[in-house]
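**Student:** Got a structure for you, questions after.
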Amino acid sequence: MSSDRSQRAPVGLKVAAAAGLLFLHLPILIIFVYAFTTEEKSYVWPPPGFTTQWFAVTWNRPDVWEALTLSVQVAAISTVIALVLGTLCAAAISGTSFFGRETISLLVILPIALPGIITGIALRSAFSLAEIPFSFWTIVLGHATFCVVVVYNNAVARFRRTSGSMIEASMDLGADAFQTFRHVILPNIGTALVAGGMLAFALSFDEVIVTTFTAGQQQTLPIWMLEELVRPRQRPVTNVVAMVVVIVTFLPILAAYYLTRDGDQIAGAGK
Amino acid sequence: MSALAADRTGAPAILAGRGGVFGAMSDWVWRHPRMFLFLMLTPPVLWLGIIYIGSLFALLLQSFFSIDEFSGLINREFTLKTYGELFLPQNVDIVVRTVLMAALVTIASAIVAFPIAYYAARYAKGKWKAAFYLGVMLPLWSSYLVKVYAWKLILAKEGILNWFLAKLHLTWLLDAWLALPIVGGNSLSVSYTGTFLVFVYVWMPFMIVPMQAALERVPGNLIEASADLGAAPRQTFRNVILPLAMPGVIAGSIFTFSLTMGDYIIPQIIGTSRLFIGQAVYAHQGTAGNIPLAAAFTVVPIVVMGFYLWFAKRQGAFDAL
């Protein structure tokens with residue numbers, strides 16, 4: 001039995017929640033407006049006019065394409081590594097208890113719990129002590145490390161809901177480990193893994209703090225953005241890139257949400 | 001999976017073993033759950049242990065080296081001299097400034113986040129619930145740099161905020177605020193107020209998620225019981241809801257606090273020329289080439305976070321994650 005009053009939100013709460021959400025969304029919407037502005041020397045508001053010419057200009061910029069390609073490659077490889085490591089870890093952790101279990105889950109979460117600058121400079125000093133030159137692979141090494149936790153979180157949540165007796169039944173009925181994995185485990189955890197992979201991709205695609213420490217001459221898209229932020233040179237191109245980045249990162253987030261929404265709403269919880 | 005945990009090595013096989021290499025492997029796996037567990041854990045633990053923990057140790061090691069003031073070379077002898085430099089007044093300033101900013105950002109985030117989390121947890125149903133979830137997740141996951149860039153556009157002198165205040169004839173208010181010591185400055189984009197705003201904007205969504213999770217676990221019948229026993233809504237909120245939601249608030253504060261403390265990009269782009277810990281680390285390892293001091297500086301957030309996590313664990317915040 002619940003009274004009517006507890007079902008309706010106080011007006012003050014509604015206003016505060018709406019204001020909070022507006023605060024979160026308006027700045028992102030502003031990016032969309034600026035991508036079409038005709039002004040190229042300043043950030044003047046309201047825009048003096050609207051044009052789509054900057055999209056063509058951006059399209060023909062080789063440096064943007066190079067940065068984009070590098071970011072996609074790094075994110076793809078980091079995601080694959082994170083998927084393998086995160087799934088293995090989640091499978092081992094869930095449903096079992098052994099000495100050191102807590103330590104291992106802490107180990108997985110640590111790269112994301114400590115500030116990024118610590119991960120970054122730690123990797124950099126390790127590379128310099130071991131005399132490893134900066135390359136594509138040093139970026140991947142860093143990214144894969146903090147992407148594991150995203151896959152792990154999604155996979156652990158799903159394993160918790162997957163009954164272990166199904167695996168036992170499959171093995172008892174004569175399926176080998178590979179068949180059990182292919183026909184029983186994978187269909188159960190598949191969408192959680194896809195969601196985790198997409199979030200890992202989005203996380204890596206956007207990462208800048210660790211990357212500045214682990215990249216040499218290579219420019220990922222966030223590093224390209226950062227240089228434009230510190231020393232603005234082509235404001236219109238930056239506006240367009242910013243808008244494209246927003247759209248590109250929204251898609252995997254939406255997809256991850258729809259893949260995991262029945263049941264474990266873990267997908268985005270904790271970056 | 002629970003049977004995996006039980007050691008069945010000694011049990012006699014009822015069926016004949018599976019044939020083939022795969023089959024033999026499967027039988028072995030089934031009979032040695034502990035070994036299988038070990039095999040599964042080896043790759044992730046090796047990766048994280050070697051690359052991550054190894055790097056952290058390399059960093060810690062370097063903080064015990066020192067830099068030779070004359071040659072600028074790193075002296076690889078064990079010394080506490082670098083840690084001593086942390087206590088120079090200018091470095092203490094940096095630490096105090098950063099921790100204070102992180103604390104203020106955390107408090108402000110909690111205040112802004114609470115109504116959103118509370119509404120989403122208690123009142124939003126069905127479609128609205130999904131809308132709230134995405135409404136928090138999309139800003140949380142959208143590009144960090146794009147968010148900072150958006151604020152650069154907003155806070156620019158010719159930008160939308162000044163335009164908006166001028167329309168409302170409130171420019172005098174902004175000028176009065178900017179004339180204040182410490183929080184003021186030439187314009188918002190070069191003041192602590194600007195830095196603070198952007199920090200709250202960027203890290204606040206991380207507060208909402210655990211907060212909402214904790215609020216959702218507050219049993220509805222407790223709230224009803226409180227009302228039935230004569231408590232006003234305000235009293236129920238203070239004495240029932242808030243204490244039960246506290247672990248979630250603390251869990252969220254771990255993120256806002258830690259992320260603010262380690263950030264070096266936001267204060268560099270929007271803020272005064274005074275350094276935060278992240279910027280100091282970046283400057284010392286980069287142009288100055290003083291990796292030992294940079295390493296010693298990173299130990300500060302690690303220690304602060306260590307205490308913070310210990311406190312959070314005692315408050316039961318980890319169950320709210």
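In the structure tokens, chains take the letters A, B, ... in the order shown, each chain's residues start at 1, and ligands count up from 1 in the order shown.
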Looking only at alpha helix (DSSP H) from DSSP on the backbone, list the matching residues of segment 66-270 of chain A as a ChimeraX atom specification.

**Tutor:** /A:66-93,101-113,116-129,136-161,164-172,177-180,186-206,211-214,221-230,235-260

**Student:** Using only C-alpha atoms, can you tell me which of A:Gly196, A:Pro133, A:Gly164, A:Gly86 comes closest to chain B?

**Tutor:**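 Checking each of A:Gly196, A:Pro133, A:Gly164, A:Gly86 against chain B, counting only C-alpha atoms, the winner is A:Gly164.
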
**Student:** Please identify every residue of segment 41-134 of chain A that has at least one atom no farther than 9 Å from an atom of segment 244-267 of chain B, counting only C-alpha atoms, and for each give the shortest atom pair and the distance in Å to one decimal, arranged by chain then increasing number, as a tab-separated table.

**Tutor:**
```
residue	atom	partner	partner_atom	distance
A:Ala113	CA	B:Phe255	CA	7.2
A:Leu114	CA	B:Ser258	CA	6.7
A:Pro115	CA	B:Gly262	CA	4.7
A:Gly116	CA	B:Gly262	CA	6.5
A:Ile117	CA	B:Gly262	CA	5.8
A:Ile118	CA	B:Gly262	CA	7.5
```

**Student:** Could you save the residues just selected, with all heavy atoms, as an mmCIF file, in the first residue's frame?

**Tutor:**
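Output file out-v3.cif follows:
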```
data_model
loop_
_atom_site.group_PDB
_atom_site.id
_atom_site.type_symbol
_atom_site.label_atom_id
_atom_site.label_comp_id
_atom_site.auth_asym_id
_atom_site.auth_seq_id
_atom_site.Cartn_x
_atom_site.Cartn_y
_atom_site.Cartn_z
ATOM 1 N N ALA A 113 40.792 3.252 -11.421
ATOM 2 C CA ALA A 113 40.522 3.931 -10.148
ATOM 3 C C ALA A 113 41.577 4.979 -9.845
ATOM 4 O O ALA A 113 41.278 6.031 -9.292
ATOM 5 C CB ALA A 113 40.442 2.918 -9.013
ATOM 6 N N LEU A 114 42.825 4.700 -10.213
ATOM 7 C CA LEU A 114 43.865 5.698 -9.994
ATOM 8 C C LEU A 114 43.796 6.727 -11.116
ATOM 9 O O LEU A 114 43.460 6.394 -12.234
ATOM 10 C CB LEU A 114 45.246 5.038 -9.983
ATOM 11 C CG LEU A 114 45.605 4.261 -8.724
ATOM 12 C CD1 LEU A 114 46.990 3.663 -8.866
ATOM 13 C CD2 LEU A 114 45.557 5.141 -7.493
ATOM 14 N N PRO A 115 44.118 7.995 -10.814
ATOM 15 C CA PRO A 115 44.073 9.012 -11.858
ATOM 16 C C PRO A 115 44.892 8.612 -13.082
ATOM 17 O O PRO A 115 45.961 8.005 -12.951
ATOM 18 C CB PRO A 115 44.674 10.229 -11.180
ATOM 19 C CG PRO A 115 44.463 10.028 -9.739
ATOM 20 C CD PRO A 115 44.487 8.549 -9.511
ATOM 21 N N GLY A 116 44.390 8.973 -14.266
ATOM 22 C CA GLY A 116 45.037 8.590 -15.512
ATOM 23 C C GLY A 116 46.489 9.022 -15.611
ATOM 24 O O GLY A 116 47.306 8.334 -16.203
ATOM 25 N N ILE A 117 46.787 10.155 -14.998
ATOM 26 C CA ILE A 117 48.151 10.661 -15.116
ATOM 27 C C ILE A 117 49.140 9.712 -14.457
ATOM 28 O O ILE A 117 50.287 9.584 -14.901
ATOM 29 C CB ILE A 117 48.253 12.082 -14.520
ATOM 30 C CG1 ILE A 117 49.578 12.703 -14.909
ATOM 31 C CG2 ILE A 117 48.046 12.090 -13.030
ATOM 32 C CD1 ILE A 117 49.632 14.187 -14.752
ATOM 33 N N ILE A 118 48.683 8.988 -13.423
ATOM 34 C CA ILE A 118 49.578 8.033 -12.752
ATOM 35 C C ILE A 118 49.849 6.859 -13.678
ATOM 36 O O ILE A 118 51.001 6.455 -13.868
ATOM 37 C CB ILE A 118 48.963 7.569 -11.420
ATOM 38 C CG1 ILE A 118 48.876 8.764 -10.476
ATOM 39 C CG2 ILE A 118 49.772 6.441 -10.812
ATOM 40 C CD1 ILE A 118 48.194 8.483 -9.179
#
```

**Student:** Record the distance separating atom CA of Thr214 of chain A and atom CA of Val95 of chain B, expressed in Å with one decimal.

**Tutor:** 25.1 Å

**Student:** Interatomic distance between atom CA of Ile185 of chain A and atom CA of Arg161 of chain A?

**Tutor:**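 Interatomic distance here is 11.8 Å.
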
**Student:** Which polymer residues have any atom within 9 Å of an atom of segment 212-222 of chain B, counting only C-alpha atoms, with same-chain residues fewer than 3 positions away left out, as a PyMOL selection string?

**Tutor:** (chain A and resi 1-2) or (chain B and resi 114+116-122+207-209+225-227+240-242+244-249+320-321)

**Student:** I'd like the neighbourhood of segment 64-74 of chain A as a list of chain:residue names, where a residue qualifies if any of its atoms comes within 7 Å (using only C-alpha atoms), though same-chain residues fewer than 3 positions away should be ignored.

**Tutor:**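 These residues fall inside the cut-off: A:Arg61, A:Ile77, A:Ser78, A:Val140, A:Phe205, A:Gln219, A:Thr220, A:Leu221, A:Trp224.
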
**Student:** Using the selection just defined, write its residues with N, CA and C atoms as an mmCIF file, in the first residue's frame.

**Tutor:**
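So again.cif came out as:
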```cif
data_model
loop_
_atom_site.group_PDB
_atom_site.id
_atom_site.type_symbol
_atom_site.label_atom_id
_atom_site.label_comp_id
_atom_site.auth_asym_id
_atom_site.auth_seq_id
_atom_site.Cartn_x
_atom_site.Cartn_y
_atom_site.Cartn_z
ATOM 1 N N ARG A 61 41.144 17.088 -45.274
ATOM 2 C CA ARG A 61 42.338 17.307 -44.467
ATOM 3 C C ARG A 61 43.043 15.995 -44.176
ATOM 4 N N ILE A 77 42.517 -2.773 -31.819
ATOM 5 C CA ILE A 77 43.428 -3.789 -31.263
ATOM 6 C C ILE A 77 43.308 -3.834 -29.739
ATOM 7 N N SER A 78 43.216 -2.662 -29.104
ATOM 8 C CA SER A 78 43.076 -2.640 -27.643
ATOM 9 C C SER A 78 41.804 -3.353 -27.219
ATOM 10 N N VAL A 140 48.963 1.044 -27.652
ATOM 11 C CA VAL A 140 48.040 -0.076 -27.476
ATOM 12 C C VAL A 140 48.207 -0.701 -26.085
ATOM 13 N N PHE A 205 39.061 5.099 -27.910
ATOM 14 C CA PHE A 205 38.974 6.076 -28.996
ATOM 15 C C PHE A 205 39.095 7.499 -28.452
ATOM 16 N N GLN A 219 50.011 10.734 -33.702
ATOM 17 C CA GLN A 219 48.926 11.596 -33.267
ATOM 18 C C GLN A 219 47.603 10.869 -33.371
ATOM 19 N N THR A 220 47.022 10.536 -32.219
ATOM 20 C CA THR A 220 45.666 10.003 -32.258
ATOM 21 C C THR A 220 44.725 11.195 -32.370
ATOM 22 N N LEU A 221 43.469 10.914 -32.642
ATOM 23 C CA LEU A 221 42.513 12.012 -32.811
ATOM 24 C C LEU A 221 42.402 12.881 -31.552
ATOM 25 N N TRP A 224 45.314 15.181 -31.459
ATOM 26 C CA TRP A 224 45.114 16.246 -32.463
ATOM 27 C C TRP A 224 44.201 17.330 -31.872
#
```

**Student:** If you run DSSP on the backbone here, which positions in segment 53-294 of chain B get strand (DSSP E or B)? Please write them as a VMD selection string.

**Tutor:** chain B and resid 66 to 67 74 to 75

**Student:** For chain B, which of A:Leu251, A:Ile109, A:Ala144, A:Val246 is the closest residue, counting only C-alpha atoms?

**Tutor:**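 Smallest distance to chain B is found for A:Val246.
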